[in-house]
Amino acid sequence: MQEDARCLKRKVTFGSLDVHPTEKALVVHYEVEAAVLGGGGGPVLGERKEGQKIIRLKSLSPTTDVAALAKKVVEECKFLPTSHLPQVEQLLYYLQNRKSSPVEGKAQTLERKEKRLVKPKDLTPFEGLELNEQAIITKVDEYVELLYEGIPEKIRGSALILQLARNPDNLEELLHDEAALGALARILREDWKQSVELATIIIYIFFCFSSFSQFHAVVSHYKIGALCMSVVEHELKRHDVWCEELRKKNKACESAPENGSLRRDQDKVLRKYQGLLAKQEQLLRVSLYLLLNLAEDTRTELKMRNKNIVGLLVKLLDRNDEELLVLVVSFLKKLSIFLENKNDMAEVDTVEKLGRLVPCEHEDLMNLTLRLLFNLSFDSGLKAKMVEVGLLPKLTALLGDENNRQVVIRILYHLSMEDRFRGMFAYTDCVPQLMQRLYEHGKEDMEPDLISILINLAANKKNAQVMCEGNGLKMLMKRALKTKTCLLMKMIRNISQHDGPTKALFIDYVGDLASEIRAEEEEEWVLECLGTLANLTIPDLDWELVLKEYNLVPYLKNRLKPVFFSGSADDDLILEVVIMIGTVSIDDACAVMLAKSGIIPALIELLNAQQEDDEFVCQIVYVFYQMVFHQATRDVIIKETQAPAYLIDLMHDKNAEIKKVCDNTLDIIAEYDEEWGKKIQSEKFRFHNNQWLEMVESRQADEPEPYLYDNERTNLFYSADGIISADGSVSPDLFSHFQPQNGDSHLTGDMSDVFDQTSSSPGRPATAYGFRPDEQPHYL
């Protein structure tokens, strides 16, 4: 080995010296010339390579002694000749006085922060491990020879190689030394259980290679990733054994507190555990960081998932070492973007264990934990877990943290999308904090995430009441009408849908809202204002006065014209017009005004055009339902339009909401018009009879054996007492007792579930899909 070394000659030549463009550092450019000497001493093979070394000056500050620092730099950097001391000193003066621009300063801060997130500490956690000697690249063969000795020599040799590997300039040269890398991989594979220090150092060497994507192949070649997975799994099992032993000692001490020997034994075990734990967590940190680097390749990441990397990482969330937790949470955050990994996290107690980290004093750990929770909050089940473990009040408390507010708001937004969780916000100070921030921002700098949460929360009655406390609604209306912000009006619209004291507060703003409903306004803005008005089913509100004063009837009628279905008007706006007509039809005078304007034929045209849209059909039928309560409009609908015929066609619709509203409307029409009553009754009996016959036929087909008494069975269903005709149809006369008699508006028999609504006008029903349109979550 020594004879080969004498045949190799290396020469390092200084090139130039300059300052780093963004950091407080010097950049040394040099040239390495390597030559292989023959037997006569002459060069046989030569190669030149340029390189650079960055000398970072972390201690440089306005009060630093530049002359002393320059002397120290020249002494410690072997590439810098002493003759360049004046130049070094001059460059240090320049760096000391250089001021970075705000953009550069911010970029540097963010860069340092990102590097700090998951960067392991220097490998100096063990007492007595620090080496006094300086590693030299030309002596690698000597260090490799130490790897064939005992454990202490192996630790020393691998530590010297680690010194070289931590300098990126040496990695390429070490890469070509297959003997060194092969020996290191073999020792790690054979001896990692014998020495935690040795395993940590060797894995750290390969970690240095894993920091660069171009070197991942060599790490994979020696199967270091699989070894690291085995190391992590084994160390977790060892930790369980230690904890069990410690638990037994504690239990023994509790049972005999006066026994001093047991107390001393417990203290000894505790100190041993703490020492082992410190070494183990260093090994785990370096192993996981190497795996995190290799996980850049999704195929490698899939292999890790198959070996339960998620389960191992989640188990490590119980540890208290903040640097290890930073790395574990970073790894989980990277894995969480894939559905399979997210599902694995859902099967274990990931959210529960993350809950204890919120809040925490470690800034980077806090930020990473919140970002991981944000990734997991896309899953409905995991959102429920977050609420279950009490994260909602914790997240609310973090709204005042400037560094984490943005990600906290986004998590809260995801929680607010679930209707079952919205009510819980009312028991925190989340709504008041969000409202305060809303008032502090103008239209230009209003945060979309912030207003989006408030839109979702306003769909809950308790939250809406909190928003309206004091002058809340007044301030919201004033700001919305001044800035004409559609999102703000959408929030107000959601507040307006709740019955009770909040709805009554809108009486003062009916005129302001009605004045905004005109053709020249932006369509989205009109949509929200119209939707808010349509929600105001207030008995004391004089809708006739509103319609006349703001001339709304022509606007409403024009929006129903079929010409708008070609795309010149948005369907959402037309639907709100229909809902608005249904709301104002509660008032008798308004219903008459609308009937005289010709809106009913326009609604029938709209029904024909939108017959495939259940939402339109449901709301148009509801308009008819409201109008048949009033004498004037009832006569128009029954005698001058074919609306009852359309309703008969829809009475057996598959949509339950449409069927319900349609049945109620037809029952009222049948009560007031005898001719239509017979048609409706006949259609209902025909439908029920068909259902009965289908049921009988299906039972006959399902019965494998014939009845014992065929004649009796026939007479049971087909007796000739005039009840059932020969052709099997049911006579409507049989059910004459179901018809209301002597003007009684209450229905009996099968119709008993239809409620009497003639005494008071009902509120707007559920939509065709079983929920109100205002309650849809607002998506960013």
# chains A, B, ... in the order shown; residues from 1 in each chain; ligands from 1
>>> select_by_dssp(residues="segment 51-229 of chain A", states="strand (DSSP E or B)", output="MDAnalysis selection string")
chainID A and resid 51:56
>>> write_last_selection(atoms="C-alpha atoms", output="compact mmCIF listing (two decimals), in the first residue's frame")
# COMPACT_ATOMS: atom_id res chain seq x y z
CA GLY A 51 -11.97 23.30 -7.31
CA GLN A 52 -13.21 25.86 -4.87
CA LYS A 53 -13.56 26.09 -1.11
CA ILE A 54 -16.07 28.31 0.67
CA ILE A 55 -14.88 29.74 4.00
CA ARG A 56 -18.00 30.80 5.91
>>> closest_residue(among="A:Ala185, A:Val407, A:Val387, A:Met491", to="Arg420 of chain A", atoms="only C-alpha atoms")
A:Val387
>>> residues_around(residues="Val27 of chain A", least_positions_apart="5", cutoff="12 Å", atoms="only C-alpha atoms", output="number ranges by chain")
A: 14-22, 51-57, 73, 77, 79-80, 88, 91-92
>>> write_last_selection(atoms="C-alpha atoms", output="mmCIF file, in the first residue's frame")
data_model
loop_
_atom_site.group_PDB
_atom_site.id
_atom_site.type_symbol
_atom_site.label_atom_id
_atom_site.label_comp_id
_atom_site.auth_asym_id
_atom_site.auth_seq_id
_atom_site.Cartn_x
_atom_site.Cartn_y
_atom_site.Cartn_z
ATOM 1 C CA PHE A 14 -3.737 28.620 -5.433
ATOM 2 C CA GLY A 15 -5.877 30.351 -8.066
ATOM 3 C CA SER A 16 -7.863 33.349 -6.865
ATOM 4 C CA LEU A 17 -9.789 34.722 -3.895
ATOM 5 C CA ASP A 18 -13.161 36.477 -3.890
ATOM 6 C CA VAL A 19 -16.174 37.191 -1.663
ATOM 7 C CA HIS A 20 -19.368 35.150 -1.763
ATOM 8 C CA PRO A 21 -22.167 37.059 -3.597
ATOM 9 C CA THR A 22 -24.843 36.597 -0.899
ATOM 10 C CA GLY A 51 -11.973 23.300 -7.314
ATOM 11 C CA GLN A 52 -13.210 25.863 -4.873
ATOM 12 C CA LYS A 53 -13.563 26.089 -1.114
ATOM 13 C CA ILE A 54 -16.066 28.315 0.673
ATOM 14 C CA ILE A 55 -14.876 29.744 3.999
ATOM 15 C CA ARG A 56 -18.002 30.803 5.912
ATOM 16 C CA LEU A 57 -17.416 33.534 8.487
ATOM 17 C CA VAL A 73 -8.263 32.337 8.084
ATOM 18 C CA CYS A 77 -6.870 27.306 5.162
ATOM 19 C CA PHE A 79 -5.011 26.643 0.078
ATOM 20 C CA LEU A 80 -4.222 30.271 1.035
ATOM 21 C CA VAL A 88 -7.870 38.528 2.850
ATOM 22 C CA LEU A 91 -12.067 41.379 1.599
ATOM 23 C CA LEU A 92 -13.076 40.894 5.224
#
>>> atom_distance(atom1="atom CA of Ala504 of chain A", atom2="atom CA of Gln465 of chain A")
11.7 Å
>>> residues_around(residues="segment 514-525 of chain A", least_positions_apart="4", cutoff="9 Å", atoms="only C-alpha atoms", output="number ranges by chain")
A: 481, 484-487, 489-490, 509-510, 529-530, 533, 546-547, 550, 552, 555, 569-570, 573
>>> residues_around(residues="Tyr289 of chain A", least_positions_apart="4", cutoff="10 Å", atoms="only C-alpha atoms", output="list in words")
Val118, Lys119, Pro120, Ile203, Tyr204, Phe207, Ser210, Ser211, Cys228, Leu284, Arg285, Asn293, Leu294, Ala295, Leu324, Leu327, Val328, Ser330 and Phe331 of chain A
>>> residues_around(residues="Asp588 of chain A", least_positions_apart="4", cutoff="10 Å", atoms="only C-alpha atoms", output="number ranges by chain")
A: 543-544, 584, 592-593, 626-627, 629-633
>>> atom_distance(atom1="atom CA of His498 of chain A", atom2="atom CA of Leu560 of chain A")
27.1 Å
>>> residues_around(residues="Tyr413 of chain A", least_positions_apart="2", cutoff="10 Å", atoms="only C-alpha atoms", output="number ranges by chain")
A: 374, 377, 407-411, 415-418, 449-457, 777-780
>>> atom_distance(atom1="atom CA of Leu536 of chain A", atom2="atom CA of Gln497 of chain A")
7.2 Å
>>> select_by_dssp(residues="segment 207-388 of chain A", states="helix (DSSP H, G or I)", output="MDAnalysis selection string")
chainID A and resid 207:210 213:221 224:255 260:294 298:306 309:316 322:335 339:347 350:355 363:376 380:388
